[in-house]
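Student: I'd like to ask you about the structure that follows.
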Amino acid sequence: MEHRIAEDLHLRSTINVLSTLGLAKIVWHCPLYRDAACEPPGGSRPNSDRECQPNQKIPPKSGVPMYSSGPEELSANTRHDDDFEVVRRLLDERYSCRAFRPDPVPRDAIEKILATAQRSASWCNSQPWHITITESEGTERLMRTLYEHASNEAPQEPDFAFPREYKGAYLDRRRETGFQLYSALGIGRGDKAAYTRQALENFRFFGAPHVAIITTDEALGIYGAIDCGCYVSNFLLAAHASGVATIPQAALSSYAKVVRRELNLGVDRRMVCAISFGYADEGHPANSYRTNRAPLEEAVKWITA
Ligand SMILES: Cc1cc2nc3c(=O)[nH]c(=O)nc-3n(C[C@H](O)[C@H](O)[C@H](O)COP(=O)(O)O)c2cc1C
């Protein structure tokens, strides 16, 4: 089947991959509670053995390897190489999907993605992400409301301020990716009506059967949002590894209050972004191009002395 969900083996390899991003070789030294900044409210310390056993090796969950440093080192190194290749390939292949087929993703497939992304890192392991996922009429209802707001040009009220300005390289990259999309769709330069129509597609979730709303706790501020960003990234990768296409969307945060009301979210929740997901309409021109990345020299600086 064209968009079949990956076999268990495939998912297991994804979990292995994610484990190389800091989840393998788990040795807990409990730095959390040595760091005063991370002291839980009231200064209480964790009381369960699982939470705080210095140098305790946590046995791997099924499918998550613990790398040995003994005689098996050679095979562990080979496995590192394989894992690295998988991460690289998944990152190379993933893209933001802007045209979905309507068929829903089975609940168990979504739950596997969620369980994988749940392993994301967060400051003090606070795991501030809450994910509210729509399906069937839930998706339709939210879409109708948001689409109406956006098409009436209701004032934007994001919980986290949108970028003040794109300038220099950021403006260039923003323009480049915009023109890639417009030219794929046959939209001519300066056709503002068509730009607006395409921007509104955000509020139709690009036809996706599901949207996940990612929120953080108000009191954690920007770092809660950063933790959610780590989560979003892992969700995208785990979904891609399962054959599920995604697009992160800040556009939906324009109407954070409306989302909070419609989905009955707590007043202490702050919307970071959304992820629309489902199966890609692979033949659609909106999915026909891939974005570029700047060379490393533009992003990385080495200090050698
Ligand atoms: C936090 C975040 C918010 C985004 N919001 C939107 C959005 O509202 N609408 C949209 O079409 N794309 C959105 N994107 C997708 C970006 O445009 C896309 O990631 C970028 O152009 C790189 O392309 P790629 O994801 O295909 O590699 C968002 C991406 C991120 C990470």
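Convention: chains lettered A, B, ... in structure tokens order; per-chain residue numbering from 1; ligands numbered from 1 as shown.
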Which residues form the shell of 7 Å around ligand 1 when you count only C-alpha atoms and all ligand atoms, given as a PyMOL selection string?

Tutor: chain A and resi 94-96+98+177+202+247-252+273+290-291

Student: For the selection you just gave me, I'd like the residues written to a file as a PDB file, in the first residue's frame, keeping N, CA and C atoms.

Tutor:
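result.pdb was written with the following content:
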ATOM      1  N   ARG A  94      12.549  14.396   5.245  1.00  0.00           N
ATOM      2  CA  ARG A  94      11.371  15.067   5.797  1.00  0.00           C
ATOM      3  C   ARG A  94      11.153  16.423   5.136  1.00  0.00           C
ATOM      4  N   TYR A  95       9.944  16.776   4.939  1.00  0.00           N
ATOM      5  CA  TYR A  95       9.636  18.097   4.393  1.00  0.00           C
ATOM      6  C   TYR A  95       8.269  18.513   4.917  1.00  0.00           C
ATOM      7  N   SER A  96       7.961  19.783   4.796  1.00  0.00           N
ATOM      8  CA  SER A  96       6.650  20.280   5.223  1.00  0.00           C
ATOM      9  C   SER A  96       5.644  20.009   4.114  1.00  0.00           C
ATOM     10  N   ARG A  98       2.188  20.319   2.223  1.00  0.00           N
ATOM     11  CA  ARG A  98       1.132  21.338   2.098  1.00  0.00           C
ATOM     12  C   ARG A  98      -0.030  20.866   1.230  1.00  0.00           C
ATOM     13  N   THR A 177      11.885  30.622   0.016  1.00  0.00           N
ATOM     14  CA  THR A 177      10.974  29.494   0.244  1.00  0.00           C
ATOM     15  C   THR A 177       9.561  29.843  -0.230  1.00  0.00           C
ATOM     16  N   ASN A 202      -3.480  27.442   5.174  1.00  0.00           N
ATOM     17  CA  ASN A 202      -3.052  27.101   6.532  1.00  0.00           C
ATOM     18  C   ASN A 202      -4.240  26.761   7.409  1.00  0.00           C
ATOM     19  N   ILE A 247       3.186  19.099   8.839  1.00  0.00           N
ATOM     20  CA  ILE A 247       3.671  20.475   8.690  1.00  0.00           C
ATOM     21  C   ILE A 247       3.477  21.214  10.011  1.00  0.00           C
ATOM     22  N   PRO A 248       4.593  21.742  10.572  1.00  0.00           N
ATOM     23  CA  PRO A 248       4.425  22.591  11.760  1.00  0.00           C
ATOM     24  C   PRO A 248       3.805  23.906  11.302  1.00  0.00           C
ATOM     25  N   GLN A 249       2.932  24.475  12.111  1.00  0.00           N
ATOM     26  CA  GLN A 249       2.251  25.711  11.703  1.00  0.00           C
ATOM     27  C   GLN A 249       2.160  26.700  12.852  1.00  0.00           C
ATOM     28  N   ALA A 250       2.887  27.811  12.694  1.00  0.00           N
ATOM     29  CA  ALA A 250       2.714  28.913  13.643  1.00  0.00           C
ATOM     30  C   ALA A 250       1.485  29.725  13.255  1.00  0.00           C
ATOM     31  N   ALA A 251       1.091  29.643  11.991  1.00  0.00           N
ATOM     32  CA  ALA A 251      -0.045  30.451  11.525  1.00  0.00           C
ATOM     33  C   ALA A 251      -1.269  30.241  12.416  1.00  0.00           C
ATOM     34  N   LEU A 252      -1.476  29.011  12.864  1.00  0.00           N
ATOM     35  CA  LEU A 252      -2.678  28.746  13.666  1.00  0.00           C
ATOM     36  C   LEU A 252      -2.605  29.404  15.040  1.00  0.00           C
ATOM     37  N   CYS A 273       2.570  26.143  18.776  1.00  0.00           N
ATOM     38  CA  CYS A 273       2.280  26.009  17.343  1.00  0.00           C
ATOM     39  C   CYS A 273       1.360  24.815  17.155  1.00  0.00           C
ATOM     40  N   ARG A 290      11.791  20.929  -2.586  1.00  0.00           N
ATOM     41  CA  ARG A 290      12.420  20.829  -1.262  1.00  0.00           C
ATOM     42  C   ARG A 290      13.196  22.114  -0.987  1.00  0.00           C
ATOM     43  N   THR A 291      13.173  22.534   0.261  1.00  0.00           N
ATOM     44  CA  THR A 291      13.836  23.790   0.640  1.00  0.00           C
ATOM     45  C   THR A 291      15.342  23.587   0.802  1.00  0.00           C
TER      46      THR A 291
END

Student: Would you kindly return, as number ranges by chain, each protein, DNA or RNA residue with an atom no farther than 12 Å from any atom of Ser276 of chain A, considering only C-alpha atoms and excluding same-chain residues fewer than 6 positions away?

Tutor: A: 96-102, 104-105, 132-135, 139, 143, 201-214, 232, 235-236, 239, 244-252

Student: Could you take the residues named above and write them with N, CA and C atoms, as a short mmCIF file (atom, residue, chain, number, x, y, z; two decimals), in the first residue's frame?

Tutor:
data_model
loop_
_atom_site.label_atom_id
_atom_site.label_comp_id
_atom_site.auth_asym_id
_atom_site.auth_seq_id
_atom_site.Cartn_x
_atom_site.Cartn_y
_atom_site.Cartn_z
N SER A 96 7.96 19.78 4.80
CA SER A 96 6.65 20.28 5.22
C SER A 96 5.64 20.01 4.11
N CYS A 97 4.63 19.25 4.47
CA CYS A 97 3.63 18.81 3.48
C CYS A 97 2.51 19.86 3.42
N ARG A 98 2.19 20.32 2.22
CA ARG A 98 1.13 21.34 2.10
C ARG A 98 -0.03 20.87 1.23
N ALA A 99 -0.18 19.56 1.13
CA ALA A 99 -1.38 18.98 0.51
C ALA A 99 -1.51 17.54 1.01
N PHE A 100 -2.60 17.29 1.73
CA PHE A 100 -2.80 15.97 2.35
C PHE A 100 -3.97 15.26 1.69
N ARG A 101 -3.95 13.94 1.79
CA ARG A 101 -5.14 13.16 1.43
C ARG A 101 -6.05 13.14 2.65
N PRO A 102 -7.35 12.93 2.45
CA PRO A 102 -8.26 13.04 3.59
C PRO A 102 -8.26 11.84 4.53
N PRO A 104 -7.83 9.31 7.39
CA PRO A 104 -7.24 9.51 8.73
C PRO A 104 -6.10 8.54 9.00
N VAL A 105 -5.26 8.92 9.95
CA VAL A 105 -4.17 8.04 10.41
C VAL A 105 -4.74 7.19 11.55
N THR A 132 -3.01 18.38 21.93
CA THR A 132 -4.45 18.17 21.75
C THR A 132 -4.66 17.86 20.28
N ILE A 133 -5.18 16.68 20.02
CA ILE A 133 -5.24 16.18 18.63
C ILE A 133 -6.69 16.08 18.17
N THR A 134 -6.94 16.60 16.99
CA THR A 134 -8.30 16.51 16.44
C THR A 134 -8.39 15.37 15.43
N GLU A 135 -9.58 14.85 15.30
CA GLU A 135 -9.87 13.89 14.22
C GLU A 135 -11.32 14.06 13.81
N THR A 139 -11.72 17.87 13.75
CA THR A 139 -10.88 18.62 12.80
C THR A 139 -11.74 19.62 12.03
N MET A 143 -11.41 23.65 12.08
CA MET A 143 -11.07 24.25 10.78
C MET A 143 -12.08 25.33 10.40
N GLU A 201 -4.85 28.54 3.09
CA GLU A 201 -4.78 27.07 3.14
C GLU A 201 -4.30 26.58 4.51
N ASN A 202 -3.48 27.44 5.17
CA ASN A 202 -3.05 27.10 6.53
C ASN A 202 -4.24 26.76 7.41
N PHE A 203 -5.32 27.52 7.22
CA PHE A 203 -6.47 27.40 8.12
C PHE A 203 -7.44 26.31 7.66
N ARG A 204 -7.10 25.67 6.54
CA ARG A 204 -7.79 24.44 6.12
C ARG A 204 -6.90 23.25 6.49
N PHE A 205 -5.81 23.54 7.19
CA PHE A 205 -4.82 22.53 7.58
C PHE A 205 -4.29 21.80 6.34
N PHE A 206 -4.30 22.49 5.21
CA PHE A 206 -3.83 21.93 3.94
C PHE A 206 -4.53 20.60 3.62
N GLY A 207 -5.75 20.47 4.14
CA GLY A 207 -6.53 19.24 3.86
C GLY A 207 -6.20 18.08 4.77
N ALA A 208 -5.38 18.31 5.81
CA ALA A 208 -4.99 17.20 6.71
C ALA A 208 -6.18 16.73 7.54
N PRO A 209 -6.24 15.44 7.83
CA PRO A 209 -7.33 14.92 8.65
C PRO A 209 -7.14 15.18 10.14
N HIS A 210 -5.91 15.57 10.52
CA HIS A 210 -5.62 15.79 11.95
C HIS A 210 -4.81 17.05 12.13
N VAL A 211 -5.05 17.71 13.25
CA VAL A 211 -4.14 18.77 13.67
C VAL A 211 -3.83 18.56 15.15
N ALA A 212 -2.53 18.70 15.46
CA ALA A 212 -2.10 18.59 16.87
C ALA A 212 -1.77 20.00 17.34
N ILE A 213 -2.37 20.41 18.42
CA ILE A 213 -2.07 21.74 19.00
C ILE A 213 -1.10 21.52 20.14
N ILE A 214 0.04 22.20 20.06
CA ILE A 214 1.09 22.03 21.07
C ILE A 214 1.06 23.23 22.01
N VAL A 232 8.35 19.07 19.03
CA VAL A 232 7.81 19.18 17.66
C VAL A 232 8.77 18.51 16.67
N PHE A 235 8.56 14.83 16.93
CA PHE A 235 7.26 14.38 16.39
C PHE A 235 7.36 14.31 14.86
N LEU A 236 7.92 15.36 14.25
CA LEU A 236 8.02 15.40 12.79
C LEU A 236 8.84 14.22 12.27
N ALA A 239 7.06 10.86 12.89
CA ALA A 239 5.94 10.74 11.94
C ALA A 239 6.48 10.38 10.56
N VAL A 244 4.05 9.08 7.84
CA VAL A 244 3.03 10.12 8.07
C VAL A 244 3.65 11.48 7.78
N ALA A 245 2.99 12.26 6.95
CA ALA A 245 3.49 13.59 6.57
C ALA A 245 2.99 14.63 7.56
N THR A 246 3.77 15.70 7.70
CA THR A 246 3.47 16.72 8.72
C THR A 246 3.76 18.12 8.19
N ILE A 247 3.19 19.10 8.84
CA ILE A 247 3.67 20.47 8.69
C ILE A 247 3.48 21.21 10.01
N PRO A 248 4.59 21.74 10.57
CA PRO A 248 4.43 22.59 11.76
C PRO A 248 3.80 23.91 11.30
N GLN A 249 2.93 24.47 12.11
CA GLN A 249 2.25 25.71 11.70
C GLN A 249 2.16 26.70 12.85
N ALA A 250 2.89 27.81 12.69
CA ALA A 250 2.71 28.91 13.64
C ALA A 250 1.48 29.73 13.25
N ALA A 251 1.09 29.64 11.99
CA ALA A 251 -0.04 30.45 11.52
C ALA A 251 -1.27 30.24 12.42
N LEU A 252 -1.48 29.01 12.86
CA LEU A 252 -2.68 28.75 13.67
C LEU A 252 -2.61 29.40 15.04
#

Student: Can you tell me which residues surround Val259 of chain A at a distance of at most 9 Å, considering only C-alpha atoms, apart from same-chain residues fewer than 2 positions away, and format the answer as an mmCIF file with N, CA and C atoms, in the first residue's frame?

Tutor:
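Ended up saving to selection14.cif:
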data_model
loop_
_atom_site.group_PDB
_atom_site.id
_atom_site.type_symbol
_atom_site.label_atom_id
_atom_site.label_comp_id
_atom_site.auth_asym_id
_atom_site.auth_seq_id
_atom_site.Cartn_x
_atom_site.Cartn_y
_atom_site.Cartn_z
ATOM 1 N N LEU A 142 -12.840 22.694 14.222
ATOM 2 C CA LEU A 142 -11.774 23.677 14.463
ATOM 3 C C LEU A 142 -11.432 24.410 13.167
ATOM 4 N N THR A 145 -13.983 27.155 12.271
ATOM 5 C CA THR A 145 -13.847 28.346 13.121
ATOM 6 C C THR A 145 -12.611 29.166 12.737
ATOM 7 N N LEU A 146 -11.470 28.470 12.604
ATOM 8 C CA LEU A 146 -10.239 29.203 12.304
ATOM 9 C C LEU A 146 -10.274 29.809 10.905
ATOM 10 N N ILE A 213 -2.371 20.411 18.423
ATOM 11 C CA ILE A 213 -2.075 21.736 18.995
ATOM 12 C C ILE A 213 -1.097 21.523 20.142
ATOM 13 N N LEU A 252 -1.476 29.011 12.864
ATOM 14 C CA LEU A 252 -2.678 28.746 13.666
ATOM 15 C C LEU A 252 -2.605 29.404 15.040
ATOM 16 N N SER A 253 -1.371 29.728 15.473
ATOM 17 C CA SER A 253 -1.217 30.410 16.764
ATOM 18 C C SER A 253 -1.714 31.852 16.702
ATOM 19 N N TYR A 255 -4.523 32.708 16.295
ATOM 20 C CA TYR A 255 -5.821 32.737 16.981
ATOM 21 C C TYR A 255 -5.788 31.817 18.207
ATOM 22 N N ALA A 256 -4.723 31.981 19.001
ATOM 23 C CA ALA A 256 -4.507 31.107 20.160
ATOM 24 C C ALA A 256 -5.708 31.115 21.114
ATOM 25 N N LYS A 257 -6.275 32.298 21.307
ATOM 26 C CA LYS A 257 -7.405 32.379 22.253
ATOM 27 C C LYS A 257 -8.590 31.571 21.738
ATOM 28 N N ARG A 261 -10.320 28.333 23.477
ATOM 29 C CA ARG A 261 -11.759 28.256 23.769
ATOM 30 C C ARG A 261 -12.390 27.033 23.089
ATOM 31 N N GLU A 262 -12.089 26.863 21.796
ATOM 32 C CA GLU A 262 -12.719 25.783 21.024
ATOM 33 C C GLU A 262 -12.356 24.404 21.564
ATOM 34 N N LEU A 263 -11.101 24.272 22.037
ATOM 35 C CA LEU A 263 -10.628 22.960 22.481
ATOM 36 C C LEU A 263 -10.660 22.822 23.998
ATOM 37 N N ASN A 264 -11.215 23.839 24.628
ATOM 38 C CA ASN A 264 -11.392 23.790 26.076
ATOM 39 C C ASN A 264 -10.051 23.584 26.800
ATOM 40 N N LEU A 265 -9.047 24.331 26.392
ATOM 41 C CA LEU A 265 -7.727 24.229 27.030
ATOM 42 C C LEU A 265 -7.686 25.138 28.257
ATOM 43 N N MET A 271 -0.191 28.496 23.606
ATOM 44 C CA MET A 271 -0.042 27.770 22.344
ATOM 45 C C MET A 271 1.305 28.102 21.686
#

Student: Extract, using only C-alpha atoms, all DNA, RNA and protein residues at most 10 Å from Glu176 of chain A, discarding same-chain residues fewer than 6 positions from it, and format them as a list of chain:residue names.

Tutor: A:Tyr170, A:Tyr182, A:Thr291, A:Asn292

Student: Output N, CA and C atoms of each residue in that selection to a file, as a PDB file, in the first residue's frame.

Tutor:
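Output below, filename part.pdb:
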ATOM      1  N   TYR A 170      17.686  36.352   6.668  1.00  0.00           N
ATOM      2  CA  TYR A 170      16.405  35.751   7.064  1.00  0.00           C
ATOM      3  C   TYR A 170      15.303  36.134   6.076  1.00  0.00           C
ATOM      4  N   TYR A 182       5.266  29.286  -4.475  1.00  0.00           N
ATOM      5  CA  TYR A 182       4.414  29.928  -5.483  1.00  0.00           C
ATOM      6  C   TYR A 182       4.733  29.412  -6.875  1.00  0.00           C
ATOM      7  N   THR A 291      13.173  22.534   0.261  1.00  0.00           N
ATOM      8  CA  THR A 291      13.836  23.790   0.640  1.00  0.00           C
ATOM      9  C   THR A 291      15.342  23.587   0.802  1.00  0.00           C
ATOM     10  N   ASN A 292      16.080  24.692   0.726  1.00  0.00           N
ATOM     11  CA  ASN A 292      17.541  24.644   0.859  1.00  0.00           C
ATOM     12  C   ASN A 292      17.957  24.900   2.299  1.00  0.00           C
TER      13      ASN A 292
END

Student: Could you pull out the alpha helix (DSSP H) residues of segment 254-304 of chain A from DSSP and send them as a PDB file with N, CA and C atoms, in the first residue's frame?

Tutor:
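states36.pdb, written as the output of this step:
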ATOM      1  N   ALA A 256      -4.723  31.981  19.001  1.00  0.00           N
ATOM      2  CA  ALA A 256      -4.507  31.107  20.160  1.00  0.00           C
ATOM      3  C   ALA A 256      -5.708  31.115  21.114  1.00  0.00           C
ATOM      4  N   LYS A 257      -6.275  32.298  21.307  1.00  0.00           N
ATOM      5  CA  LYS A 257      -7.405  32.379  22.253  1.00  0.00           C
ATOM      6  C   LYS A 257      -8.590  31.571  21.738  1.00  0.00           C
ATOM      7  N   VAL A 258      -8.812  31.670  20.434  1.00  0.00           N
ATOM      8  CA  VAL A 258      -9.931  30.938  19.816  1.00  0.00           C
ATOM      9  C   VAL A 258      -9.682  29.431  19.951  1.00  0.00           C
ATOM     10  N   VAL A 259      -8.435  29.024  19.709  1.00  0.00           N
ATOM     11  CA  VAL A 259      -8.091  27.599  19.826  1.00  0.00           C
ATOM     12  C   VAL A 259      -8.325  27.141  21.263  1.00  0.00           C
ATOM     13  N   ARG A 260      -7.876  27.958  22.222  1.00  0.00           N
ATOM     14  CA  ARG A 260      -8.025  27.599  23.639  1.00  0.00           C
ATOM     15  C   ARG A 260      -9.497  27.405  23.975  1.00  0.00           C
ATOM     16  N   ARG A 261     -10.320  28.333  23.477  1.00  0.00           N
ATOM     17  CA  ARG A 261     -11.759  28.256  23.769  1.00  0.00           C
ATOM     18  C   ARG A 261     -12.390  27.033  23.089  1.00  0.00           C
ATOM     19  N   GLU A 262     -12.089  26.863  21.796  1.00  0.00           N
ATOM     20  CA  GLU A 262     -12.719  25.783  21.024  1.00  0.00           C
ATOM     21  C   GLU A 262     -12.356  24.404  21.564  1.00  0.00           C
TER      22      GLU A 262
END

Student: Using only C-alpha atoms, which residues sit within 12 Å of Gly229 of chain A once same-chain residues fewer than 2 positions away are excluded, as a ChimeraX atom specification?

Tutor: /A:117,120-123,127-129,214-216,222-227,231-236,248-250,271-275

Student: Tell me which of A:Ala184, A:Ala161, A:Val86, A:Ala150 sits closest to Tyr289 of chain A, counting only C-alpha atoms.

Tutor: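 Of A:Ala184, A:Ala161, A:Val86, A:Ala150, the one nearest Tyr289 of chain A is A:Ala184, counting only C-alpha atoms.
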
Student: Measuring between only C-alpha atoms, which one of A:Gly190, A:Gly243, A:Pro285, A:Gly266 shows the shortest distance to Ile110 of chain A?

Tutor: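 Using only C-alpha atoms, Ile110 of chain A sits closest to A:Gly243.
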
Student: Using Å and a single decimal, report how far atom CA of Ala241 of chain A sits from atom CA of Asp81 of chain A.

Tutor: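 If I compute the distance from atom CA of Asp81 of chain A to atom CA of Ala241 of chain A, I get 18.0 Å.
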